[in-house]
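Q: I'd like to ask you about the structure that follows.
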Amino acid sequence: MATQPMAADRPATIHDIAALCGVAASTVSRALTNPDRVNIRTRERIRAAAVELNYTPNSQAKALSSGKTGAVGVLVPDITNPFYFDLIRGTQLQLKAAGYTQLLVDTEESDEVEASTLEQLRKSADGVIVAASRLNDESLAAAALRMPMVTVNRDVDEVPAVIIDTPSAMTQALDHLISLGHTSVAYVAGPAVSQSSARRWAALTALAEDRAVQVRNLGPFAPKTQSGAVAADAAVHSRVTACIVFNDLIAIGMLQRLRERGLRVPEDMSIVGCDDIFGADFCNPPLTTLSSPIEQAGRVAVSMLLAQLNPLASGGNRRRSVMPTHLTVRGSTASAPASSVAP
């Protein structure tokens with residue numbers, strides 16, 4: 001059969017193979033994606049033609065025919081936040097071991113960016129892991145109905161989740177400060193839409209009532225080092241002697257600002273961070289903080305997602321996994337000063 005020569009400047013397609021073999025393009029597609037449905041002679045002829053034409057399968061076409069992309073989306077609200085470094089490493093290693101490609105997206109602390117990204121990933125990913133989602137509960141639950149999903153540090157009914165248990169570690173942080181003589185403590189809150197921040201504050205208020213100490217809420221603050229200056233000023237104005245801070249980035253910014261104001265940490269004010277990010281142990285002073293197995297959280301999230309993608313091959317179908325958290329004591333906490341810090 002005479003065939004029209006293929007243009008040299010474009011890759012081969014299944015239509016070129018079909019023309020060379022004298023079969024329908026649908027037959028070529030079946031031979032390449034589901035070979036058991038094509039007789040062996042036709043199948044081998046098609047494979048030989050594919051080699052001759054140097055055919056490379058188009059990933060999008062393959063996804064359309066198989067319903068699988070071999071990719072998983074991982075969404076984080078701020079890729080520059082060191083907290084997410086270990087999480088991303090954990091998801092990457094676990095996905096690679098399972099034969100998946102990781103599609104990493106920075107959602108810029110924006111619910112709108114997150115929502116549009118999730119919609120786009122329905123076509124280009126088999127599932128998604130969403131860390132610290134900024135969507136409301138209803139929107140997140142609705143998104144989970146449209147594609148396999150696991151959240152990290154966001155607890156919503158009917159959505160599988162990995163929870164980093166910092167609220168329970170509030171007990172360790174507050175008791176540590178009480179043991180040092182602090183009776184007036186501030187919680188420096190994270191973003192207003194952060195479920196983690198709200199849960200930590202709820203845990204702290206319950207603990208404070210039980211232990212007869214005063215806690216006050218400062219914020220909300222963006223989870224960035226730059227927020228630390230305003231947070232430090234608010235803490236000084238509130239006349240507290242210690243702060244438990246939403247994350248290490250804000251806490252490190254507070255250390256810098258307090259130093260600028262001529263105040264000493266921990267002699268004048270104690271600071272407790274959260275996340276134990278890279279650098280928390282060698283800032284000045286080294287930061288007392290809450291530590292969690294972040295990389296392991298990423299690996300567990302992937303395992304839970306894979307259980308949804310391939311239930312028959314999975315070892316279980318966990319809906320919720322809790323990562324333990326503990327207080328790591330360093331140099332940013334010490335005995336309460338004799339009097340509160342003057343504003």
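Quick note on naming: the chains in the structure tokens go A, B, ... in the order shown, residues restart at 1 in each chain, and ligands are numbered from 1 in order of appearance.
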Out of stretch 298-329 of chain A, which residues get strand (DSSP E or B) from DSSP, as a list in words?

A: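 Those residues are Arg320, Ser321, Val322, Met323, His326, Leu327 and Thr328 of chain A.
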
Q: With N, CA, C and O atoms retained, could you export that selection as a PDB file, in the first residue's frame?

A:
```
ATOM      1  N   ARG A 320      -7.221   8.685  58.358  1.00  0.00           N
ATOM      2  CA  ARG A 320      -6.619   9.727  59.184  1.00  0.00           C
ATOM      3  C   ARG A 320      -5.369   9.173  59.838  1.00  0.00           C
ATOM      4  O   ARG A 320      -5.367   8.068  60.365  1.00  0.00           O
ATOM      5  N   SER A 321      -4.300   9.946  59.787  1.00  0.00           N
ATOM      6  CA  SER A 321      -3.049   9.551  60.432  1.00  0.00           C
ATOM      7  C   SER A 321      -2.507  10.751  61.202  1.00  0.00           C
ATOM      8  O   SER A 321      -2.467  11.865  60.672  1.00  0.00           O
ATOM      9  N   VAL A 322      -2.111  10.525  62.445  1.00  0.00           N
ATOM     10  CA  VAL A 322      -1.655  11.616  63.314  1.00  0.00           C
ATOM     11  C   VAL A 322      -0.151  11.483  63.547  1.00  0.00           C
ATOM     12  O   VAL A 322       0.324  10.428  63.972  1.00  0.00           O
ATOM     13  N   MET A 323       0.587  12.555  63.257  1.00  0.00           N
ATOM     14  CA  MET A 323       2.033  12.593  63.462  1.00  0.00           C
ATOM     15  C   MET A 323       2.342  13.215  64.822  1.00  0.00           C
ATOM     16  O   MET A 323       1.891  14.335  65.118  1.00  0.00           O
ATOM     17  N   HIS A 326       6.749  17.028  69.559  1.00  0.00           N
ATOM     18  CA  HIS A 326       7.340  17.196  70.882  1.00  0.00           C
ATOM     19  C   HIS A 326       8.086  18.522  70.962  1.00  0.00           C
ATOM     20  O   HIS A 326       8.463  19.102  69.947  1.00  0.00           O
ATOM     21  N   LEU A 327       8.286  18.990  72.179  1.00  0.00           N
ATOM     22  CA  LEU A 327       9.001  20.234  72.408  1.00  0.00           C
ATOM     23  C   LEU A 327      10.503  19.981  72.415  1.00  0.00           C
ATOM     24  O   LEU A 327      10.993  19.087  73.109  1.00  0.00           O
ATOM     25  N   THR A 328      11.235  20.779  71.643  1.00  0.00           N
ATOM     26  CA  THR A 328      12.696  20.756  71.652  1.00  0.00           C
ATOM     27  C   THR A 328      13.171  22.042  72.327  1.00  0.00           C
ATOM     28  O   THR A 328      12.948  23.139  71.811  1.00  0.00           O
TER      29      THR A 328
END
```

Q: Per DSSP on the backbone, filter stretch 57-249 of chain A down to the residues in helix (DSSP H, G or I) and report them as an MDAnalysis selection string.

A: chainID A and resid 59:66 83:97 111:124 137:146 166:179 195:211 225:238 248:249

Q: A:Ala336: which residues within 9 Å, counting only C-alpha atoms, same-chain residues fewer than 3 positions away excluded, as a list in words?

A: Leu177, Ile178, Leu180, Gly181, His182, Thr183, Thr241, Ala242, Pro266, Glu267, Asp268, Met269, Ser270, Thr333, Ser339 and Ser340 of chain A

Q: Keeping N, CA, C and O atoms for every residue in the selection just given, could you write it to a file as a compact mmCIF listing (two decimals), in the first residue's frame?

A:
```
# COMPACT_ATOMS: atom_id res chain seq x y z
N LEU A 177 6.96 26.69 79.92
CA LEU A 177 7.02 28.11 80.29
C LEU A 177 6.57 28.32 81.73
O LEU A 177 7.16 29.12 82.48
N ILE A 178 5.52 27.60 82.15
CA ILE A 178 5.05 27.72 83.55
C ILE A 178 6.14 27.27 84.51
O ILE A 178 6.37 27.88 85.57
N LEU A 180 9.16 27.67 84.20
CA LEU A 180 10.16 28.72 84.27
C LEU A 180 9.63 29.98 84.94
O LEU A 180 10.32 31.01 84.99
N GLY A 181 8.39 29.92 85.44
CA GLY A 181 7.82 31.03 86.19
C GLY A 181 6.98 32.00 85.39
O GLY A 181 6.55 33.04 85.90
N HIS A 182 6.70 31.70 84.11
CA HIS A 182 5.89 32.60 83.28
C HIS A 182 4.40 32.41 83.61
O HIS A 182 3.89 31.28 83.63
N THR A 183 3.72 33.51 83.84
CA THR A 183 2.28 33.46 84.12
C THR A 183 1.46 34.27 83.12
O THR A 183 0.23 34.24 83.15
N THR A 241 5.50 37.94 79.16
CA THR A 241 6.92 37.58 79.36
C THR A 241 7.34 36.42 78.46
O THR A 241 8.52 36.08 78.42
N ALA A 242 6.38 35.83 77.75
CA ALA A 242 6.71 34.70 76.86
C ALA A 242 5.71 34.63 75.73
O ALA A 242 4.55 35.03 75.88
N PRO A 266 16.67 35.04 76.03
CA PRO A 266 15.40 34.88 76.76
C PRO A 266 15.29 35.71 78.04
O PRO A 266 14.30 35.56 78.76
N GLU A 267 16.29 36.56 78.38
CA GLU A 267 16.28 37.22 79.68
C GLU A 267 15.06 38.13 79.87
O GLU A 267 14.45 38.16 80.95
N ASP A 268 14.69 38.87 78.82
CA ASP A 268 13.54 39.78 78.91
C ASP A 268 12.25 39.15 78.40
O ASP A 268 11.16 39.52 78.85
N MET A 269 12.36 38.26 77.44
CA MET A 269 11.18 37.58 76.90
C MET A 269 11.59 36.23 76.33
O MET A 269 12.61 36.13 75.64
N SER A 270 10.79 35.21 76.62
CA SER A 270 11.03 33.87 76.07
C SER A 270 10.19 33.67 74.82
O SER A 270 9.06 34.15 74.75
N THR A 333 14.33 30.20 75.58
CA THR A 333 13.44 30.22 76.74
C THR A 333 14.26 30.13 78.02
O THR A 333 15.26 29.43 78.09
N SER A 339 9.97 41.48 86.31
CA SER A 339 8.81 42.29 85.92
C SER A 339 8.60 42.15 84.44
O SER A 339 9.49 41.74 83.70
N SER A 340 7.39 42.46 83.98
CA SER A 340 7.07 42.34 82.56
C SER A 340 7.87 43.35 81.76
O SER A 340 8.34 44.37 82.27
```

Q: Within 8 Å of A:Phe83, counting only C-alpha atoms, which residues show up once you throw out same-chain ones fewer than 3 positions away? Write them as a list in words, please.

A: Asp86, Leu87, Asp275, Asp276, Ile277, Phe278 and Ile294 of chain A

Q: Fewer than 2 positions away in the same chain doesn't count, so skip those; otherwise give me all residues within 9 Å of stretch 169-175 of chain A, counting only C-alpha atoms, as a PyMOL selection string.

A: chain A and resi 165-167+177-180+182+185+200-201+203-204+207-208+211+244+272+289-290+324-327

Q: What does the distance from atom CA of A:Val245 to atom CA of A:Cys274 come to in Å, to one decimal?

A: 6.5 Å

Q: Counting only C-alpha atoms, which of A:Leu20, A:Val193, A:Leu104, A:Val76 gets nearest to A:Asn136?

A: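 Using only C-alpha atoms, the shortest distance to A:Asn136 belongs to A:Val193.
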
Q: When you count only C-alpha atoms, which of these residues is closest to A:Phe221: A:Leu309, A:Ala131, A:Ala189, A:Leu258?

A: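 For A:Phe221, the nearest of the given residues is A:Ala189.
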
Q: Could you list, as a list in words, every residue within 8 Å of A:Thr107, counting only C-alpha atoms and ignoring same-chain residues fewer than 6 positions away?

A: Leu75, Val76, Pro77, Asp78, Val113, Glu114 and Thr117 of chain A
